[in-house]
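Note sheet for the following structure.
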Amino acid sequence: MEHAEPALAVSDLNVEILGENGAFPVVSEMSLSVRPGETVCIVGESGCGKSMTALSLLRLLPDSARVASGSIRIHGEDFLAMDRRQVEDFRGDKIAMIFQEPLSALNPVLTIGEQIAESVRQHRRLGRREAFARAVKCLELVQMPDPERRARQYPHELSGGMRQRAMIALALACEPKIIIADEPTTALDVTVQAQILGLISDLQKRLGTAQILITHDLGVVAEIADRVIVMYAGRRVEECSVYELFDNPIHPYTVGLMGAVPHRDRTEAAPERLTDIPGTVPPLWDLPKGCAFAPRCPGASVRCLEERPPFLEKKPGHFAACWEHDNA
Amino acid sequence: MPDAAAPLLSVENLKVHFAIRSGVFQRQVGEVKAVDGVSFSIGSGETLGLVGESGCGKSTTGLALMGLVKATEGQIAMQGAEDVTQMRGIPRSYRRRMQIIFQDPFSSLNPRQRVRDIIRAPLDIHGIGTIEERRAEVAKLMSLVGLRPDQADNFPHQFSGGQRQRIGIARALALKPDIIVCDEPVSALDVSVQAQILNLLADLQKELGLSYLFISHDLGVVEHVSHRVAVMYLGKIVETGSKEAIFTKPLHPYSELLLRSAPAHDPRKRHKFSAVSDDIPSATRKPLGCAFHTRCPLATDICRQIEPRLERKADGQSVACHHR
């Protein structure tokens, strides 16, 4: 699997938002690649650029934002150079997205089955009835209980978990080889989240899709990721395998995040106080000069405040952007 | 430390039922039993974690204690105070001793008010101190929760989410309450900020001897903050006990399911989550018998017919299950 061609390759992607006082970057120097069968998690807090990255991968950025530079290649083809027709052909067929909030992502006036059939007919030459039958098959695939009946229901008639299953079915309708999932379980209760995580990993094993999963939840990362990219203020600060991330996190931000989450798998006795990260994420239109994390970092030096650290391979397969790690 | 002998707050058989109305004449066509006979007590300086999934009635329980929704039935008593559920309107003497922090620090602060006025409002309402004293108190409260008193003239939108939650906490502390109802106080916050607020709440508890009713869906957070835990499912407490008991040897199958579903924070301890959907009922169509029987691996005929009562087991743990 190591040598397989990446299904999706992003290099040096820069996304900016056009604000009242000129453009400011929301995603800077983003590069990533995903191979078939691999799950890459992008983790970070609100405003770190993870959702903007996801939207740009599908060319679904809002009007106020644009890709300033960089390239996105899907199966080797230059996605950013394509015209609208080609993008629409690709989207849904080769690459698809699962959104966080199924109630707002699904069309309220179409039944679940009609929506899936619509997507199928967009890409495949199928009649209405065949497309609907295909939709029912998709609902079976995502283990929707009573798929025949559910296909004839509207989104509001389904529970949160079933809606998310419907959205996954919609994303998988044309068997895309790349799935982008933006916080797919965040709006769900924990018992339903467990089912949907189980479903996502089952489906990936069966279909061999390349997956990018965006989340703020390190628990979800631990359950599902092969490789992890940690983002802060629009940039990658760390990237490595999921095991390496939990065993030997390098970047102080990653270390801080791990200590900040109360959870049940601490090996040592639970500490009375959580290690909090002082301060807040800086606004993207007013980033500090050096490392964006420096003002909150316990180990920041003068250099960190002055110069931005490059994103480098610190040890085989483990990348980070931190000056102080080199000195330690 | 928790004082089990004389609970500060005790709640007996609390019920909150909402009418479902329909049609031109708004006739009542049904009833949602959002909270359906909940009993618990909280000792001085103690944190009771109330955990459950959306729609289980945990927030409604908190609101009913505050008098923000009307309790249909039940007794709420606070040490040294009358049974407030029997009264028309909740007396201010009781209100002063119990305050609430809301989940969403954006919608729970008036955007047109300056921070000083937001924090001072409870003092104004209860007529505490002179104008000068109130001003000094606001400054004190702001430093207590880690805000700079010179920001008192700012409006809520000038603060980040975490800072706004601190404003909400300062407002709740203004009347020197004994108990604070924390309704998902960190759910809307980023992880790094969430830790700041949890630490602040812990510090305040130590400093001021506060009791918390901590309402949350997040098991990690509940385990971190609570002394005792109550697990709610569809309007009822199905299990309660010490934090250690609930998290290490849960008795109710629902508590077990919750704990099993929480993601491991260790890629070497990954779960094998089942993708199978189960039949999740809601408060509007609550199953007969034990409300959990549709999802329960242990369910038998008796569970489908008779609702189990919360029964005391060893170590002060109580569970509502026919099979445990």
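Residues are named by chain letter and number: chains run A, B, ... in the order of the structure tokens, numbers start at 1 in each chain, and ligands are numbered from 1 in the order shown.
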
Could you produce a table of the residues of chain A lying within 9 Å of chain B, with the nearest pair of atoms per residue and their separation in Å rounded to one decimal, using only C-alpha atoms, ordered by chain and increasing residue number, as JSON lines?
{"residue": "A:Glu45", "atom": "CA", "partner": "B:Asp190", "partner_atom": "CA", "distance": 5.9}
{"residue": "A:Ser46", "atom": "CA", "partner": "B:Asp190", "partner_atom": "CA", "distance": 6.8}
{"residue": "A:Val142", "atom": "CA", "partner": "B:Ala275", "partner_atom": "CA", "distance": 8.3}
{"residue": "A:Gln143", "atom": "CA", "partner": "B:Val276", "partner_atom": "CA", "distance": 6.5}
{"residue": "A:Met144", "atom": "CA", "partner": "B:Ser277", "partner_atom": "CA", "distance": 7.2}
{"residue": "A:Pro145", "atom": "CA", "partner": "B:Ser277", "partner_atom": "CA", "distance": 6.9}
{"residue": "A:Ser159", "atom": "CA", "partner": "B:Ile280", "partner_atom": "CA", "distance": 8.5}
{"residue": "A:Gly161", "atom": "CA", "partner": "B:Ser277", "partner_atom": "CA", "distance": 8.1}
{"residue": "A:Met162", "atom": "CA", "partner": "B:Ser277", "partner_atom": "CA", "distance": 8.1}
{"residue": "A:Leu188", "atom": "CA", "partner": "B:Ser54", "partner_atom": "CA", "distance": 8.8}
{"residue": "A:Asp189", "atom": "CA", "partner": "B:Glu53", "partner_atom": "CA", "distance": 5.8}
{"residue": "A:Val190", "atom": "CA", "partner": "B:Ser261", "partner_atom": "CA", "distance": 6.1}
{"residue": "A:Thr191", "atom": "CA", "partner": "B:Ser261", "partner_atom": "CA", "distance": 5.2}
{"residue": "A:Val192", "atom": "CA", "partner": "B:Ser277", "partner_atom": "CA", "distance": 7.9}
{"residue": "A:Gln193", "atom": "CA", "partner": "B:Ser261", "partner_atom": "CA", "distance": 7.6}
{"residue": "A:Ala194", "atom": "CA", "partner": "B:Ser261", "partner_atom": "CA", "distance": 5.3}
{"residue": "A:Gln195", "atom": "CA", "partner": "B:Ala275", "partner_atom": "CA", "distance": 4.4}
{"residue": "A:Ile196", "atom": "CA", "partner": "B:Ala275", "partner_atom": "CA", "distance": 6.2}
{"residue": "A:Leu197", "atom": "CA", "partner": "B:Phe273", "partner_atom": "CA", "distance": 7.0}
{"residue": "A:Gly198", "atom": "CA", "partner": "B:Phe273", "partner_atom": "CA", "distance": 4.6}
{"residue": "A:Leu199", "atom": "CA", "partner": "B:Ala275", "partner_atom": "CA", "distance": 4.5}
{"residue": "A:Ile200", "atom": "CA", "partner": "B:Ala275", "partner_atom": "CA", "distance": 8.2}
{"residue": "A:Ser201", "atom": "CA", "partner": "B:Ala275", "partner_atom": "CA", "distance": 8.9}
{"residue": "A:Asp202", "atom": "CA", "partner": "B:Ala275", "partner_atom": "CA", "distance": 7.6}
{"residue": "A:His216", "atom": "CA", "partner": "B:Val191", "partner_atom": "CA", "distance": 8.0}
{"residue": "A:Asp217", "atom": "CA", "partner": "B:Val191", "partner_atom": "CA", "distance": 8.4}
{"residue": "A:Leu218", "atom": "CA", "partner": "B:His265", "partner_atom": "CA", "distance": 6.7}
{"residue": "A:Gly219", "atom": "CA", "partner": "B:His265", "partner_atom": "CA", "distance": 4.8}
{"residue": "A:Val220", "atom": "CA", "partner": "B:Pro263", "partner_atom": "CA", "distance": 6.1}
{"residue": "A:Val221", "atom": "CA", "partner": "B:Pro267", "partner_atom": "CA", "distance": 8.1}
{"residue": "A:Ala222", "atom": "CA", "partner": "B:Pro267", "partner_atom": "CA", "distance": 4.5}
{"residue": "A:Glu223", "atom": "CA", "partner": "B:Arg270", "partner_atom": "CA", "distance": 5.3}
{"residue": "A:Ile224", "atom": "CA", "partner": "B:Pro267", "partner_atom": "CA", "distance": 8.0}
{"residue": "A:Ala225", "atom": "CA", "partner": "B:Pro267", "partner_atom": "CA", "distance": 8.3}
{"residue": "A:Val242", "atom": "CA", "partner": "B:Pro267", "partner_atom": "CA", "distance": 6.8}
{"residue": "A:Tyr243", "atom": "CA", "partner": "B:Pro267", "partner_atom": "CA", "distance": 6.2}
{"residue": "A:Phe246", "atom": "CA", "partner": "B:Asp266", "partner_atom": "CA", "distance": 6.8}
{"residue": "A:Asp247", "atom": "CA", "partner": "B:Asp266", "partner_atom": "CA", "distance": 9.0}
{"residue": "A:Gly256", "atom": "CA", "partner": "B:Ser192", "partner_atom": "CA", "distance": 7.4}
{"residue": "A:Leu257", "atom": "CA", "partner": "B:Ser192", "partner_atom": "CA", "distance": 6.1}
{"residue": "A:Gly259", "atom": "CA", "partner": "B:Ala195", "partner_atom": "CA", "distance": 8.7}
{"residue": "A:Ala260", "atom": "CA", "partner": "B:Ala195", "partner_atom": "CA", "distance": 5.3}
{"residue": "A:Val261", "atom": "CA", "partner": "B:Val191", "partner_atom": "CA", "distance": 6.5}
{"residue": "A:Pro262", "atom": "CA", "partner": "B:Gly220", "partner_atom": "CA", "distance": 5.0}
{"residue": "A:His263", "atom": "CA", "partner": "B:Gly220", "partner_atom": "CA", "distance": 4.3}
{"residue": "A:Arg264", "atom": "CA", "partner": "B:Gly220", "partner_atom": "CA", "distance": 6.1}
{"residue": "A:Asp265", "atom": "CA", "partner": "B:His265", "partner_atom": "CA", "distance": 5.8}
{"residue": "A:Arg266", "atom": "CA", "partner": "B:His265", "partner_atom": "CA", "distance": 8.0}
{"residue": "A:Ala270", "atom": "CA", "partner": "B:His224", "partner_atom": "CA", "distance": 8.0}
{"residue": "A:Pro271", "atom": "CA", "partner": "B:His224", "partner_atom": "CA", "distance": 8.8}
{"residue": "A:Glu272", "atom": "CA", "partner": "B:His224", "partner_atom": "CA", "distance": 7.9}
{"residue": "A:Arg273", "atom": "CA", "partner": "B:Asn199", "partner_atom": "CA", "distance": 6.0}
{"residue": "A:Leu274", "atom": "CA", "partner": "B:Ala195", "partner_atom": "CA", "distance": 5.9}
{"residue": "A:Thr275", "atom": "CA", "partner": "B:Ala195", "partner_atom": "CA", "distance": 6.9}
{"residue": "A:Asp276", "atom": "CA", "partner": "B:Ala195", "partner_atom": "CA", "distance": 5.1}
{"residue": "A:Ile277", "atom": "CA", "partner": "B:Ser192", "partner_atom": "CA", "distance": 5.4}
{"residue": "A:Pro278", "atom": "CA", "partner": "B:Gln196", "partner_atom": "CA", "distance": 7.4}
{"residue": "A:Gly279", "atom": "CA", "partner": "B:Val193", "partner_atom": "CA", "distance": 7.9}
{"residue": "A:Thr280", "atom": "CA", "partner": "B:Val193", "partner_atom": "CA", "distance": 7.2}

So that I have them on file, write out the residues from the current selection with C-alpha atoms, as a compact mmCIF listing (two decimals), in the first residue's frame.
# COMPACT_ATOMS: atom_id res chain seq x y z
CA GLU A 45 -9.71 23.73 16.52
CA SER A 46 -12.24 26.13 15.03
CA VAL A 142 -24.94 1.82 4.87
CA GLN A 143 -27.08 -0.61 6.90
CA MET A 144 -30.09 1.64 6.97
CA PRO A 145 -32.85 -0.28 8.73
CA SER A 159 -33.36 10.33 13.27
CA GLY A 161 -28.07 8.79 12.97
CA MET A 162 -30.22 7.62 10.07
CA LEU A 188 -24.36 12.85 16.84
CA ASP A 189 -24.85 11.28 20.24
CA VAL A 190 -21.99 9.14 21.44
CA THR A 191 -23.74 5.79 20.96
CA VAL A 192 -24.71 6.79 17.41
CA GLN A 193 -21.25 8.18 16.76
CA ALA A 194 -19.86 4.75 17.57
CA GLN A 195 -22.15 3.17 14.95
CA ILE A 196 -21.24 5.71 12.28
CA LEU A 197 -17.50 5.35 12.97
CA GLY A 198 -17.96 1.59 12.73
CA LEU A 199 -19.80 2.05 9.45
CA ILE A 200 -17.19 4.38 7.97
CA SER A 201 -14.35 1.99 8.70
CA ASP A 202 -16.30 -1.08 7.51
CA HIS A 216 -11.61 18.41 16.26
CA ASP A 217 -11.90 15.23 18.32
CA LEU A 218 -8.70 13.37 19.16
CA GLY A 219 -10.81 10.39 20.22
CA VAL A 220 -12.17 10.06 16.69
CA VAL A 221 -8.62 10.42 15.36
CA ALA A 222 -7.40 7.60 17.59
CA GLU A 223 -10.23 5.35 16.41
CA ILE A 224 -10.02 5.85 12.68
CA ALA A 225 -6.87 7.56 11.37
CA VAL A 242 -1.52 7.98 14.25
CA TYR A 243 0.64 5.79 16.52
CA PHE A 246 -0.12 9.56 20.30
CA ASP A 247 3.25 8.11 21.36
CA GLY A 256 -1.13 20.77 24.70
CA LEU A 257 -4.21 19.40 22.97
CA GLY A 259 -3.26 17.14 27.83
CA ALA A 260 -6.33 19.34 27.53
CA VAL A 261 -8.82 16.57 26.79
CA PRO A 262 -10.21 14.71 29.75
CA HIS A 263 -10.62 11.11 28.66
CA ARG A 264 -10.65 7.60 29.96
CA ASP A 265 -7.45 6.09 28.59
CA ARG A 266 -4.81 7.90 30.53
CA ALA A 270 -5.88 11.14 36.25
CA PRO A 271 -4.45 14.56 37.03
CA GLU A 272 -6.57 16.95 39.01
CA ARG A 273 -5.95 19.81 36.63
CA LEU A 274 -5.95 19.60 32.88
CA THR A 275 -3.02 21.17 31.11
CA ASP A 276 -4.70 24.13 29.53
CA ILE A 277 -3.28 26.13 26.68
CA PRO A 278 -3.39 29.76 27.79
CA GLY A 279 -4.94 32.40 25.54
CA THR A 280 -6.91 31.81 22.37

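Closest approach to Ser255 (chain B) among B:Met232, B:Thr61, B:Ser211, B:Val181: B:Met232, based on only C-alpha atoms.
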
Inset, instruction - Quick one: everything within 10 Å of region 124-131 of chain B, counting only C-alpha atoms, minus sequence neighbours fewer than 2 positions away in the same chain. Send it as a ChimeraX atom specification. - result: /B:92-93,95-96,117,119-122,133-137,174-175

Legend entry - Using only C-alpha atoms: which of B:Ala152, B:Ile306, B:Ile179, B:Ile246 has the shortest distance to His227 (chain B):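 Looking only at the distances to His227 (chain B), the closest residue turns out to be B:Ile246.
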
Inset, instruction - Check the smallest atom-to-atom distance from each of A:Ala7, A:Ala187, A:Arg165, A:Arg134 to Arg121 (chain A) using only C-alpha atoms, then report the winner. - result: A:Arg134

Legend entry - Which residue of A:Gly299, A:Gly76, A:Pro316, A:Gly113 approaches Pro6 (chain A) most closely, using only C-alpha atoms: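 Checking each of A:Gly299, A:Gly76, A:Pro316, A:Gly113 against Pro6 (chain A), counting only C-alpha atoms, the winner is A:Gly76.
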
Legend entry - Those in region 78-143 of chain B with strand (DSSP E or B) from DSSP, as number ranges by chain: B: 78, 83, 98-101

For C-alpha atoms, I'd like the residues from the last selection saved as an mmCIF file, in the first residue's frame.
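Result file follows (part-v1.cif):
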data_model
loop_
_atom_site.group_PDB
_atom_site.id
_atom_site.type_symbol
_atom_site.label_atom_id
_atom_site.label_comp_id
_atom_site.auth_asym_id
_atom_site.auth_seq_id
_atom_site.Cartn_x
_atom_site.Cartn_y
_atom_site.Cartn_z
ATOM 1 C CA MET B 78 -32.684 23.275 49.711
ATOM 2 C CA ASP B 83 -40.133 23.189 49.384
ATOM 3 C CA MET B 98 -28.772 28.598 42.942
ATOM 4 C CA GLN B 99 -27.463 29.965 39.672
ATOM 5 C CA ILE B 100 -26.902 28.616 36.183
ATOM 6 C CA ILE B 101 -24.220 28.683 33.483
#

Inset, instruction - With a distance cut-off of 6 Å and only C-alpha atoms, select the neighbouring residues of region 96-112 of chain A, excluding the residue or stretch itself and same-chain residues fewer than 2 positions from it, and output the selection as a PyMOL selection string. - result: chain A and resi 91-92+114-115+151-155+163-164+171+179-184

How would the residues just picked look written out with C-alpha atoms as a CSV table (one decimal), in the first residue's frame?
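That gives us part_36.csv:
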chain,number,residue,atom,x,y,z
A,91,ARG,CA,-17.7,15.7,-8.0
A,92,GLY,CA,-19.9,12.9,-6.7
A,114,GLU,CA,-34.9,10.7,-4.9
A,115,GLN,CA,-31.8,12.5,-3.8
A,151,ALA,CA,-35.9,5.6,0.6
A,152,ARG,CA,-39.5,7.0,0.4
A,153,GLN,CA,-39.2,9.2,3.5
A,154,TYR,CA,-38.0,12.8,3.8
A,155,PRO,CA,-35.0,13.9,5.8
A,163,ARG,CA,-29.8,11.0,8.3
A,164,GLN,CA,-26.1,10.6,8.6
A,171,ALA,CA,-21.8,10.2,-1.0
A,179,ILE,CA,-14.3,10.6,0.4
A,180,ILE,CA,-13.9,13.9,2.3
A,181,ALA,CA,-15.8,13.8,5.6
A,182,ASP,CA,-16.1,17.1,7.5
A,183,GLU,CA,-16.8,16.3,11.2
A,184,PRO,CA,-19.1,13.4,10.2

Inset, instruction - Using only C-alpha atoms, find the one residue out of A:Glu307, A:Cys138, A:Arg206, A:Trp323 that sits nearest to His251 (chain A). - result: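 Nearest candidate to His251 (chain A) out of A:Glu307, A:Cys138, A:Arg206, A:Trp323: A:Trp323.
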